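Asker: Just so it is clear, I am handing over start_22.txt, which has compact mmCIF, C-alpha atoms.
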# COMPACT_ATOMS: atom_id res chain seq x y z
CA MET A 10 -4.23 48.20 -15.38
CA HIS A 11 -2.08 45.71 -13.51
CA LYS A 12 -4.58 45.38 -10.70
CA LYS A 13 -7.39 44.82 -13.16
CA ASN A 14 -5.44 42.00 -14.74
CA VAL A 15 -5.00 40.26 -11.42
CA ARG A 16 -8.68 40.62 -10.63
CA LEU A 17 -9.59 39.21 -14.01
CA ASP A 18 -7.25 36.27 -13.52
CA LYS A 19 -8.68 35.61 -10.10
CA SER A 20 -12.23 35.55 -11.36
CA LEU A 21 -11.15 33.34 -14.26
CA HIS A 22 -9.58 30.98 -11.77
CA VAL A 23 -12.71 30.90 -9.62
CA MET A 24 -14.74 30.05 -12.69
CA ARG A 25 -12.34 27.27 -13.59
CA VAL A 26 -12.52 25.80 -10.08
CA LEU A 27 -16.32 25.97 -10.14
CA ARG A 28 -16.34 24.19 -13.48
CA ASP A 29 -14.10 21.48 -12.05
CA ILE A 30 -16.41 21.02 -9.09
CA LYS A 31 -19.37 20.74 -11.46
CA THR A 32 -17.73 18.18 -13.72
CA THR A 33 -15.73 16.08 -11.29
CA GLY A 34 -17.50 16.67 -7.99
CA HIS A 35 -14.47 18.01 -6.17
CA ILE A 36 -11.63 20.43 -6.45
CA LYS A 37 -8.89 19.44 -8.84
CA ARG A 38 -5.72 18.77 -6.91
CA ASP A 39 -2.07 19.15 -7.67
CA PHE A 40 -0.98 15.51 -7.53
CA SER A 41 2.66 16.25 -8.34
CA SER A 42 2.97 18.48 -5.29
CA ILE A 43 1.28 15.83 -3.11
CA PHE A 44 3.78 13.30 -4.46
CA LEU A 45 6.76 15.59 -3.84
CA LYS A 46 5.64 16.23 -0.26
CA ALA A 47 5.27 12.47 0.25
CA VAL A 48 8.81 11.91 -1.00
CA GLY A 49 9.96 14.64 1.39
CA ILE A 50 8.19 12.95 4.32
CA VAL A 51 9.87 9.63 3.51
CA ILE A 52 13.30 11.27 3.27
CA PHE A 53 12.64 13.03 6.59
CA ALA A 54 11.71 9.66 8.14
CA PHE A 55 14.86 8.11 6.68
CA ILE A 56 17.09 10.75 8.27
CA LEU A 57 15.34 10.50 11.66
CA ALA A 58 15.37 6.70 11.59
CA LEU A 59 19.03 6.39 10.68
CA SER A 60 20.13 8.94 13.26
CA TYR A 61 17.99 7.31 15.97
CA ASN A 62 19.39 3.94 14.95
CA SER A 63 22.97 5.10 15.31
CA PHE A 64 22.58 7.15 18.51
CA SER A 65 19.94 5.33 20.57
CA GLY A 66 22.21 2.44 21.59
CA ARG A 67 19.52 -0.03 20.59
CA GLY A 68 20.34 0.22 16.90
CA ILE A 69 20.93 -2.69 14.56
CA SER A 70 23.36 -2.97 11.67
CA LEU A 71 22.04 -1.63 8.38
CA LYS A 72 22.66 -4.89 6.62
CA GLY A 73 21.78 -7.90 8.72
CA THR A 74 23.00 -11.46 8.35
CA TRP A 75 19.89 -13.39 7.47
CA SER A 76 21.37 -16.20 5.43
CA ASN A 77 21.61 -19.74 6.72
CA LYS A 78 24.81 -20.75 8.46
CA ILE A 79 26.72 -23.59 6.87
CA LEU A 80 28.27 -25.80 9.55
CA SER A 81 29.51 -28.45 7.11
CA ASP A 82 28.77 -29.72 3.60
CA SER A 83 25.64 -31.54 4.67
CA LEU A 84 24.65 -29.41 7.65
CA ILE A 85 22.96 -26.06 7.06
CA VAL A 86 21.25 -24.33 10.00
CA PRO A 87 19.13 -21.15 10.26
CA TYR A 88 20.83 -17.86 11.10
CA SER A 89 19.36 -17.93 14.61
CA TYR A 90 21.11 -21.19 15.55
CA GLN A 91 23.55 -20.44 18.36
CA LYS A 92 26.18 -22.20 20.37
CA GLY A 93 24.59 -24.18 23.18
CA ASP A 94 21.44 -24.94 21.18
CA PRO A 95 20.35 -28.59 20.86
CA GLN A 96 22.59 -30.57 18.54
CA ALA A 97 21.87 -30.16 14.83
CA ILE A 98 21.97 -33.40 12.86
CA THR A 99 22.30 -34.23 9.16
CA LEU A 100 20.04 -36.40 7.05
CA SER A 101 22.26 -39.47 7.47
CA GLU A 102 22.39 -38.96 11.24
CA ALA A 103 18.61 -38.60 11.24
CA MET A 104 18.37 -41.91 9.33
CA MET A 105 20.50 -43.60 12.00
CA GLU A 106 18.24 -42.16 14.70
CA PHE A 107 15.23 -43.42 12.76
CA GLN A 108 16.54 -46.99 13.08
CA SER A 109 16.87 -46.69 16.84
CA SER A 110 13.94 -47.66 19.02
CA ASN A 111 15.05 -45.18 21.65
CA THR A 112 14.31 -42.17 19.41
CA ILE A 113 11.11 -40.25 18.87
CA PHE A 114 10.65 -37.88 15.92
CA LEU A 115 8.73 -34.74 16.76
CA ASP A 116 6.97 -32.80 14.00
CA ALA A 117 6.89 -29.08 14.92
CA ARG A 118 4.69 -28.07 11.98
CA LEU A 119 0.96 -27.30 12.11
CA GLU A 120 -1.46 -30.18 12.32
CA SER A 121 -2.68 -29.63 8.75
CA ASP A 122 0.85 -30.03 7.36
CA TYR A 123 1.41 -33.07 9.55
CA ARG A 124 -1.70 -34.72 8.16
CA GLN A 125 -0.56 -34.18 4.59
CA GLY A 126 2.52 -36.22 5.29
CA HIS A 127 5.18 -36.69 7.95
CA ILE A 128 8.16 -38.86 8.86
CA LYS A 129 6.88 -42.32 9.70
CA GLY A 130 6.02 -42.65 13.36
CA ALA A 131 6.60 -38.96 14.12
CA VAL A 132 4.54 -37.31 16.84
CA ASN A 133 2.93 -33.94 16.08
CA LEU A 134 3.65 -31.09 18.48
CA PRO A 135 3.09 -27.76 16.66
CA TYR A 136 5.33 -25.09 18.13
CA GLU A 137 2.72 -22.42 17.40
CA GLU A 138 0.14 -24.23 19.51
CA PHE A 139 2.52 -25.67 22.08
CA ASP A 140 0.40 -24.93 25.16
CA GLU A 141 -2.63 -26.58 23.63
CA PHE A 142 -0.86 -29.69 22.33
CA TYR A 143 1.78 -30.35 24.97
CA PRO A 144 -0.50 -31.84 27.67
CA LYS A 145 -1.84 -34.36 25.13
CA VAL A 146 1.55 -35.15 23.62
CA ALA A 147 3.66 -35.25 26.80
CA PRO A 148 2.76 -38.86 27.74
CA LYS A 149 4.01 -40.03 24.34
CA ILE A 150 7.44 -38.45 24.65
CA ALA A 151 9.33 -39.78 27.62
CA LYS A 152 12.10 -37.59 28.96
CA ASP A 153 14.73 -40.34 28.79
CA LYS A 154 14.24 -40.85 25.05
CA ILE A 155 16.14 -39.12 22.31
CA ILE A 156 13.91 -36.51 20.70
CA VAL A 157 14.52 -35.35 17.13
CA ALA A 158 12.59 -32.22 16.26
CA TYR A 159 11.99 -31.20 12.64
CA CYS A 160 9.86 -28.82 10.57
CA ASP A 161 9.69 -27.96 6.85
CA GLY A 162 13.35 -27.45 6.09
CA THR A 163 16.28 -25.14 6.71
CA GLU A 164 14.17 -22.03 6.15
CA CYS A 165 11.91 -22.83 9.11
CA GLU A 166 12.80 -22.27 12.73
CA SER A 167 9.95 -23.90 14.62
CA SER A 168 11.89 -27.15 15.18
CA LEU A 169 14.69 -25.19 16.86
CA LEU A 170 12.25 -23.08 18.87
CA LEU A 171 10.36 -26.21 19.92
CA ALA A 172 13.58 -27.91 21.03
CA ARG A 173 14.49 -24.84 23.08
CA VAL A 174 11.11 -24.89 24.83
CA LEU A 175 11.36 -28.63 25.47
CA ARG A 176 14.78 -28.18 27.00
CA GLU A 177 13.18 -25.85 29.53
CA GLU A 178 10.55 -28.53 30.18
CA GLY A 179 13.36 -30.83 31.26
CA TYR A 180 14.13 -32.86 28.15
CA ARG A 181 17.82 -33.65 27.90
CA TYR A 182 18.41 -35.64 24.76
CA LEU A 183 17.25 -33.18 22.14
CA LYS A 184 18.36 -33.03 18.53
CA VAL A 185 17.20 -30.87 15.65
CA PHE A 186 17.01 -32.21 12.11
CA PHE A 187 17.09 -28.98 10.08
CA GLY A 188 16.80 -30.77 6.75
CA GLY A 189 13.28 -31.46 7.92
CA TRP A 190 10.34 -32.80 6.00
CA SER A 191 11.51 -31.57 2.60
CA GLU A 192 14.90 -33.31 2.78
CA TRP A 193 13.40 -36.51 4.19
CA GLU A 194 10.70 -36.69 1.53
CA LYS A 195 13.17 -35.89 -1.27
CA ALA A 196 15.41 -38.75 -0.12
CA GLY A 197 12.48 -41.15 -0.45
CA LEU A 198 12.61 -42.26 3.18
CA PRO A 199 9.66 -43.81 5.06
CA ILE A 200 6.70 -41.46 5.43
CA GLU A 201 3.07 -41.73 6.34
CA LYS A 202 -0.02 -39.60 5.88
CA GLY A 203 -3.10 -39.09 7.92
CA GLU A 204 -4.53 -37.98 11.21
CA GLY A 205 -2.50 -36.08 13.72
CA ASN A 206 -3.01 -36.47 17.42
CA SER A 207 -6.18 -34.42 17.37
CA LYS A 208 -8.73 -34.72 20.15
CA LYS A 209 -10.85 -37.20 18.21
CA ASN A 210 -7.95 -39.49 17.64
CA VAL A 211 -6.85 -39.43 21.25
CA GLU A 212 -10.40 -40.08 22.43
CA LYS A 213 -10.71 -42.99 20.04
CA SER A 214 -7.54 -44.64 21.18
CA GLU A 215 -8.51 -44.12 24.82
CA LYS A 216 -11.85 -45.79 24.18
CA HIS A 217 -10.11 -48.57 22.39
CA ASN A 218 -7.85 -49.14 25.36
CA GLN A 219 -10.77 -49.31 27.75
CA MET B 26 -30.93 7.46 3.97
CA TRP B 27 -28.05 6.85 1.57
CA ARG B 28 -27.60 10.57 1.08
CA ASN B 29 -27.61 11.04 4.84
CA LEU B 30 -24.87 8.46 5.28
CA LYS B 31 -22.84 10.07 2.54
CA SER B 32 -23.11 13.50 4.13
CA ILE B 33 -22.10 12.05 7.51
CA ILE B 34 -19.01 10.37 6.04
CA ASN B 35 -18.08 13.49 4.12
CA SER B 36 -18.63 15.84 7.06
CA GLN B 37 -15.55 17.65 8.30
CA TYR B 38 -16.05 16.31 11.82
CA THR B 39 -16.09 12.71 10.61
CA VAL B 40 -12.92 13.29 8.64
CA LEU B 41 -11.33 14.76 11.78
CA VAL B 42 -12.33 11.64 13.76
CA PHE B 43 -10.96 9.47 10.96
CA ARG B 44 -7.68 11.38 11.11
CA LEU B 45 -7.45 10.83 14.87
CA ILE B 46 -8.17 7.10 14.49
CA LEU B 47 -5.75 6.47 11.62
CA GLY B 48 -2.97 8.62 13.05
CA GLY B 49 -3.41 7.24 16.56
CA ILE B 50 -3.27 3.62 15.41
CA PHE B 51 -0.15 4.20 13.35
CA ILE B 52 1.65 6.10 16.11
CA TYR B 53 0.78 3.34 18.58
CA ALA B 54 1.89 0.65 16.12
CA SER B 55 5.21 2.36 15.42
CA LEU B 56 6.42 2.79 19.01
CA ASP B 57 7.02 -0.87 19.89
CA LYS B 58 8.81 -1.42 16.58
CA ILE B 59 11.06 1.60 17.13
CA ALA B 60 11.88 0.33 20.62
CA HIS B 61 12.70 -3.22 19.44
CA PRO B 62 14.31 -3.00 15.99
CA GLU B 63 15.98 -6.40 16.25
CA GLN B 64 12.78 -8.29 16.97
CA PHE B 65 10.96 -6.34 14.28
CA ALA B 66 13.68 -7.18 11.73
CA ARG B 67 13.18 -10.85 12.59
CA ILE B 68 9.46 -10.51 11.90
CA VAL B 69 10.20 -8.81 8.56
CA TYR B 70 12.52 -11.73 7.79
CA ASN B 71 9.73 -14.19 8.59
CA TYR B 72 7.50 -12.58 5.97
CA LYS B 73 10.05 -13.91 3.44
CA ILE B 74 9.24 -11.19 0.92
CA LEU B 75 12.12 -8.71 1.06
CA PRO B 76 15.65 -9.65 -0.06
CA HIS B 77 17.96 -10.23 2.89
CA SER B 78 20.00 -7.08 2.28
CA LEU B 79 16.92 -4.84 2.60
CA ILE B 80 15.39 -6.40 5.73
CA ASN B 81 17.27 -4.35 8.33
CA ILE B 82 17.01 -1.01 6.58
CA PHE B 83 13.26 -1.59 6.12
CA ALA B 84 12.87 -2.54 9.78
CA ILE B 85 14.72 0.64 10.81
CA VAL B 86 12.94 3.15 8.58
CA MET B 87 9.37 1.85 8.17
CA PRO B 88 8.28 2.47 11.81
CA TRP B 89 9.52 6.06 11.55
CA VAL B 90 7.49 6.61 8.39
CA GLU B 91 4.46 5.30 10.32
CA LEU B 92 5.20 7.58 13.28
CA ILE B 93 5.76 10.77 11.26
CA CYS B 94 2.79 10.21 8.97
CA GLY B 95 0.65 9.41 12.02
CA ILE B 96 1.64 12.68 13.67
CA PHE B 97 1.11 14.63 10.42
CA VAL B 98 -2.33 13.11 9.81
CA ILE B 99 -3.48 14.01 13.32
CA GLY B 100 -1.90 17.46 13.32
CA GLY B 101 -3.07 18.26 9.84
CA ILE B 102 0.28 18.81 8.16
CA PHE B 103 0.50 17.62 4.54
CA VAL B 104 -2.59 15.53 5.25
CA GLU B 105 -3.00 14.39 1.66
CA SER B 106 0.61 13.26 1.31
CA SER B 107 0.81 11.51 4.66
CA SER B 108 -2.58 9.82 4.35
CA SER B 109 -1.60 8.55 0.91
CA ILE B 110 1.67 7.15 2.32
CA LEU B 111 -0.27 5.40 5.09
CA SER B 112 -2.74 4.04 2.54
CA LEU B 113 0.13 2.69 0.44
CA LEU B 114 1.63 1.08 3.56
CA LEU B 115 -1.73 -0.53 4.34
CA ILE B 116 -1.94 -1.87 0.78
CA ALA B 117 1.57 -3.30 1.21
CA PHE B 118 0.55 -4.92 4.53
CA VAL B 119 -2.52 -6.44 2.89
CA ILE B 120 -0.34 -7.89 0.12
CA GLY B 121 2.28 -9.17 2.57
CA LEU B 122 -0.31 -10.79 4.83
CA SER B 123 -2.26 -12.39 1.99
CA VAL B 124 0.85 -13.70 0.24
CA ASN B 125 1.85 -15.52 3.40
CA PHE B 126 -1.73 -16.55 4.07
CA LEU B 127 -1.79 -18.24 0.65
CA ARG B 128 1.66 -19.71 1.14
CA GLY B 129 0.37 -21.28 4.32
CA LEU B 130 3.14 -19.68 6.35
CA ASP B 131 1.94 -19.05 9.85
CA MET B 132 3.97 -16.20 11.24
CA ASN B 133 3.51 -13.33 13.64
CA CYS B 134 2.18 -10.30 11.79
CA GLY B 135 4.24 -7.83 13.81
CA CYS B 136 1.55 -5.24 13.29
CA PHE B 137 1.36 -3.85 16.80
CA SER B 138 3.77 -5.87 18.87
CA THR B 139 7.18 -7.40 18.25
CA ASP B 140 6.51 -10.19 20.76
CA PRO B 141 7.16 -13.48 18.91
CA GLN B 142 4.35 -15.16 20.84
CA GLY B 143 1.95 -12.52 19.52
CA LYS B 144 -1.46 -13.58 18.29
CA LYS B 145 -1.88 -14.71 14.73
CA GLU B 146 -5.32 -14.08 13.29
CA GLY B 147 -4.85 -13.70 9.55
CA ALA B 148 -8.43 -13.08 8.42
CA ILE B 149 -9.31 -10.57 11.15
CA LEU B 150 -6.09 -8.67 10.48
CA LEU B 151 -6.94 -8.43 6.80
CA ILE B 152 -10.39 -7.03 7.58
CA LYS B 153 -8.88 -4.48 10.00
CA ASP B 154 -6.41 -3.50 7.28
CA PHE B 155 -9.17 -2.95 4.77
CA VAL B 156 -11.19 -0.81 7.21
CA LEU B 157 -8.13 1.35 7.92
CA LEU B 158 -7.45 1.59 4.20
CA ALA B 159 -10.99 2.86 3.60
CA ILE B 160 -10.48 5.45 6.35
CA GLY B 161 -7.14 6.51 4.85
CA LEU B 162 -8.60 6.91 1.37
CA GLN B 163 -11.57 8.87 2.70
CA ILE B 164 -9.15 11.29 4.43
CA PHE B 165 -7.21 11.62 1.18
CA PHE B 166 -10.21 12.23 -1.06
CA SER B 167 -12.24 14.39 1.33
CA ASN B 168 -9.60 17.11 1.02
CA SER B 169 -10.95 18.63 4.22
CA ARG B 170 -9.04 21.59 5.60
CA PHE B 171 -10.94 21.52 8.90
CA ALA B 172 -8.76 21.72 12.03
CA THR B 173 -5.47 21.29 10.20
CA LEU B 174 -2.27 23.13 11.05
CA THR B 175 -1.84 23.93 7.35
CA SER B 176 -5.07 25.91 7.32
CA VAL B 177 -4.00 27.75 10.48
CA PHE B 178 -0.71 28.75 8.83
CA ASN B 179 -2.41 29.72 5.60
CA LYS B 180 -4.80 32.00 7.44
CA SER B 181 -2.15 33.72 9.54
CA PHE B 182 0.16 34.45 6.62
CA ASN B 183 -2.71 35.18 4.27
CA LYS B 184 -0.78 33.61 1.41
CA PRO B 185 -2.31 33.58 -2.03
CA ARG B 186 -3.85 30.11 -2.23
CA ASN B 187 -3.11 29.53 -5.87
CA SER B 188 0.24 29.76 -7.59
CA GLU B 189 -1.36 29.90 -11.02
CA VAL B 190 -2.54 33.45 -10.40
CA VAL B 191 0.96 34.62 -9.51
CA ARG B 192 2.43 32.97 -12.56
CA MET B 193 -0.10 34.60 -14.86
CA ASP B 194 0.62 37.91 -13.20
CA ASP B 195 4.27 37.74 -14.24
CA ASP B 196 3.33 37.64 -17.88
Take the structure in this file and express it as structure tokens.
Answerer:
Amino acid sequence: MHKKNVRLDKSLHVMRVLRDIKTTGHIKRDFSSIFLKAVGIVIFAFILALSYNSFSGRGISLKGTWSNKILSDSLIVPYSYQKGDPQAITLSEAMMEFQSSNTIFLDARLESDYRQGHIKGAVNLPYEEFDEFYPKVAPKIAKDKIIVAYCDGTECESSLLLARVLREEGYRYLKVFFGGWSEWEKAGLPIEKGEGNSKKNVEKSEKHNQ
Amino acid sequence: MWRNLKSIINSQYTVLVFRLILGGIFIYASLDKIAHPEQFARIVYNYKILPHSLINIFAIVMPWVELICGIFVIGGIFVESSSSILSLLLIAFVIGLSVNFLRGLDMNCGCFSTDPQGKKEGAILLIKDFVLLAIGLQIFFSNSRFATLTSVFNKSFNKPRNSEVVRMDDD
């Protein structure tokens, strides 16, 4: 009697599965069990990851410090700014540098951003494409001049990274204006739009000189 | 022709190859991140999507999820669960990449390498992501039991495949 029941149930089940295949094209699956197994896998990964992180010696703290550092009321720098990095300057210091003829502003953003607007007279040297741009830009930035690097604003790091690379190239008088383009534009200071130092532009000016 | 293609994609051998590809790529991608958690956390920070308090924990755990799911997909353990996790991760990567693509942020994707000078090719990465996503979904929906450790275990213990039968039996 009992055995018969089981057999009946089994055949009923087979029929049900066959019906599912006919109607839906494939076997109906138990999505809740798939989901539970997935949760289990993630928990397993969590345990392995946390134990590796605490025992490997290469681990990092569970909660990092990713906020900007505040050096003074008007000077906020990215978290990655360290002691020994090129001097960070405020907006008013940047304005003073802007007046000086011995200072060159260096725009570390991409060429497309530079074209949409930049600090007046700034030279474009995108950090991301340093190797490509540097040979063209190098003649414009003499090593005895004061160089002020900037990018979008305090959230961006490319000005700092650019200044670090330039220091290795032998530039001594490097400063980073972390307020960047956004602070400068907001303050209504002199800006200009237009072409970066793309190949065309350089060629043109060379022809002009000849 | 179309039917032929469909039968090729649905064949158990193709699904096995798909499992090897997807699992292999994720295992490879996870190793450099596990070895360099600090650099990877910096890349996660550069995506500017997660709140600051979650960046490190994400950078610690996510590569391990990739590694374990990669191993499971290749070995054939909980294939459906692990391939669906990998598919969800791929969807998240697609969203993260496109959000920053639209924002105009140009950052290192951190997909395979934590080197900050790594290459940045947004569009190609998105296409690769979509191809992998298609592979992951095909593994999930094919429901193939071919060459999986689960099927090996099931055979050797000769377990009843369906719990419904047992439950009915109790009544």
Asker: At most 7 Å is the cut-off: for each residue in chain A with any atom that close to an atom of chain B, write down the nearest atom pair and the distance in Å rounded to one decimal, counting all atoms listed in the file, chain first then increasing number, as a tab-separated table.
Answerer:
residue	atom	partner	partner_atom	distance
A:Val15	CA	B:Asp194	CA	6.3
A:Asp18	CA	B:Val190	CA	6.3
A:Lys19	CA	B:Val190	CA	6.5
A:Ile43	CA	B:Ser106	CA	5.2
A:Phe44	CA	B:Ser106	CA	6.6
A:Lys46	CA	B:Ser106	CA	6.0
A:Ala47	CA	B:Ser106	CA	4.8
A:Val51	CA	B:Val90	CA	6.2
A:Ala54	CA	B:Val90	CA	5.2
A:Phe55	CA	B:Val86	CA	5.6
A:Ala58	CA	B:Val86	CA	5.3
A:Gly68	CA	B:Pro62	CA	6.9
A:Ile69	CA	B:Glu63	CA	6.4
A:Leu71	CA	B:Ile82	CA	5.4
A:Lys72	CA	B:Ser78	CA	5.5
A:Gly73	CA	B:Asn81	CA	5.8
A:Trp75	CA	B:His77	CA	5.9
Asker: Save the residues we just selected, C-alpha atoms, as a PDB file, in the coordinates of the input?
Answerer:
ATOM      1  CA  VAL A  15      -5.000  40.260 -11.420  1.00  0.00           C
ATOM      2  CA  ASP A  18      -7.250  36.270 -13.520  1.00  0.00           C
ATOM      3  CA  LYS A  19      -8.680  35.610 -10.100  1.00  0.00           C
ATOM      4  CA  ILE A  43       1.280  15.830  -3.110  1.00  0.00           C
ATOM      5  CA  PHE A  44       3.780  13.300  -4.460  1.00  0.00           C
ATOM      6  CA  LYS A  46       5.640  16.230  -0.260  1.00  0.00           C
ATOM      7  CA  ALA A  47       5.270  12.470   0.250  1.00  0.00           C
ATOM      8  CA  VAL A  51       9.870   9.630   3.510  1.00  0.00           C
ATOM      9  CA  ALA A  54      11.710   9.660   8.140  1.00  0.00           C
ATOM     10  CA  PHE A  55      14.860   8.110   6.680  1.00  0.00           C
ATOM     11  CA  ALA A  58      15.370   6.700  11.590  1.00  0.00           C
ATOM     12  CA  GLY A  68      20.340   0.220  16.900  1.00  0.00           C
ATOM     13  CA  ILE A  69      20.930  -2.690  14.560  1.00  0.00           C
ATOM     14  CA  LEU A  71      22.040  -1.630   8.380  1.00  0.00           C
ATOM     15  CA  LYS A  72      22.660  -4.890   6.620  1.00  0.00           C
ATOM     16  CA  GLY A  73      21.780  -7.900   8.720  1.00  0.00           C
ATOM     17  CA  TRP A  75      19.890 -13.390   7.470  1.00  0.00           C
TER      18      TRP A  75
END
Asker: Tell me which of B:Ser55, B:Asn125, B:Thr39, B:Ser176 sits closest to Gly101 (chain B), counting all atoms listed in the file.
Answerer: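 Closest to Gly101 (chain B) of all the choices is B:Ser176.
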Asker: How many Å lie between CA of Ser168 (chain A) and CA of Thr99 (chain A), rounded to one decimal?
Answerer: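 One can read the CA of Ser168 (chain A) to CA of Thr99 (chain A) distance as 14.0 Å.
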Asker: Could you work out how far CA of Ser112 (chain B) lies from CA of Leu162 (chain B), giving the answer in Å with one decimal?
Answerer: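 Rounded to one decimal, the two atoms are 6.6 Å apart.
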Asker: Would you compute the distance between CA of Val40 (chain B) and CA of Asp154 (chain B)? Give it in Å to one decimal.
Answerer: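 Straight-line distance from CA of Val40 (chain B) to CA of Asp154 (chain B) works out to 18.1 Å.
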Asker: Quick one: everything within 9 Å of Leu41 (chain B), counting only C-alpha atoms, minus sequence neighbours fewer than 6 positions away in the same chain. Send it as an mmCIF file with C-alpha atoms, in the coordinates of the input.
Answerer:
data_model
loop_
_atom_site.group_PDB
_atom_site.id
_atom_site.type_symbol
_atom_site.label_atom_id
_atom_site.label_comp_id
_atom_site.auth_asym_id
_atom_site.auth_seq_id
_atom_site.Cartn_x
_atom_site.Cartn_y
_atom_site.Cartn_z
ATOM 1 C CA ILE B 99 -3.480 14.010 13.320
ATOM 2 C CA ILE B 164 -9.150 11.290 4.430
ATOM 3 C CA SER B 169 -10.950 18.630 4.220
ATOM 4 C CA PHE B 171 -10.940 21.520 8.900
ATOM 5 C CA ALA B 172 -8.760 21.720 12.030
ATOM 6 C CA THR B 173 -5.470 21.290 10.200
#
Asker: Which is closest to Val174 (chain A) among A:Gly162, A:Pro135, A:Gly203, A:Pro148, if we use all atoms listed in the file?
Answerer: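 Among the listed residues, A:Pro135 lies closest to Val174 (chain A).
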Asker: From (3.8, -28.4, 9.6), in the file's coordinates, out to 12 Å: which residues are reached, counting only C-alpha atoms? Answer as number ranges by chain.
Answerer: A: 115-128, 131-138, 158-162, 165-168, 189-191, 205; B: 129-131
Asker: Excluding Leu158 (chain B) and any residue of its chain fewer than 5 positions from it, enumerate the residues within 9 Å of it, using all atoms listed in the file, and give them as a list in words.
Answerer: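 Everything that qualifies: Leu111, Ser112, Leu113, Leu115, Ile116, Lys153 and Gln163 of chain B.
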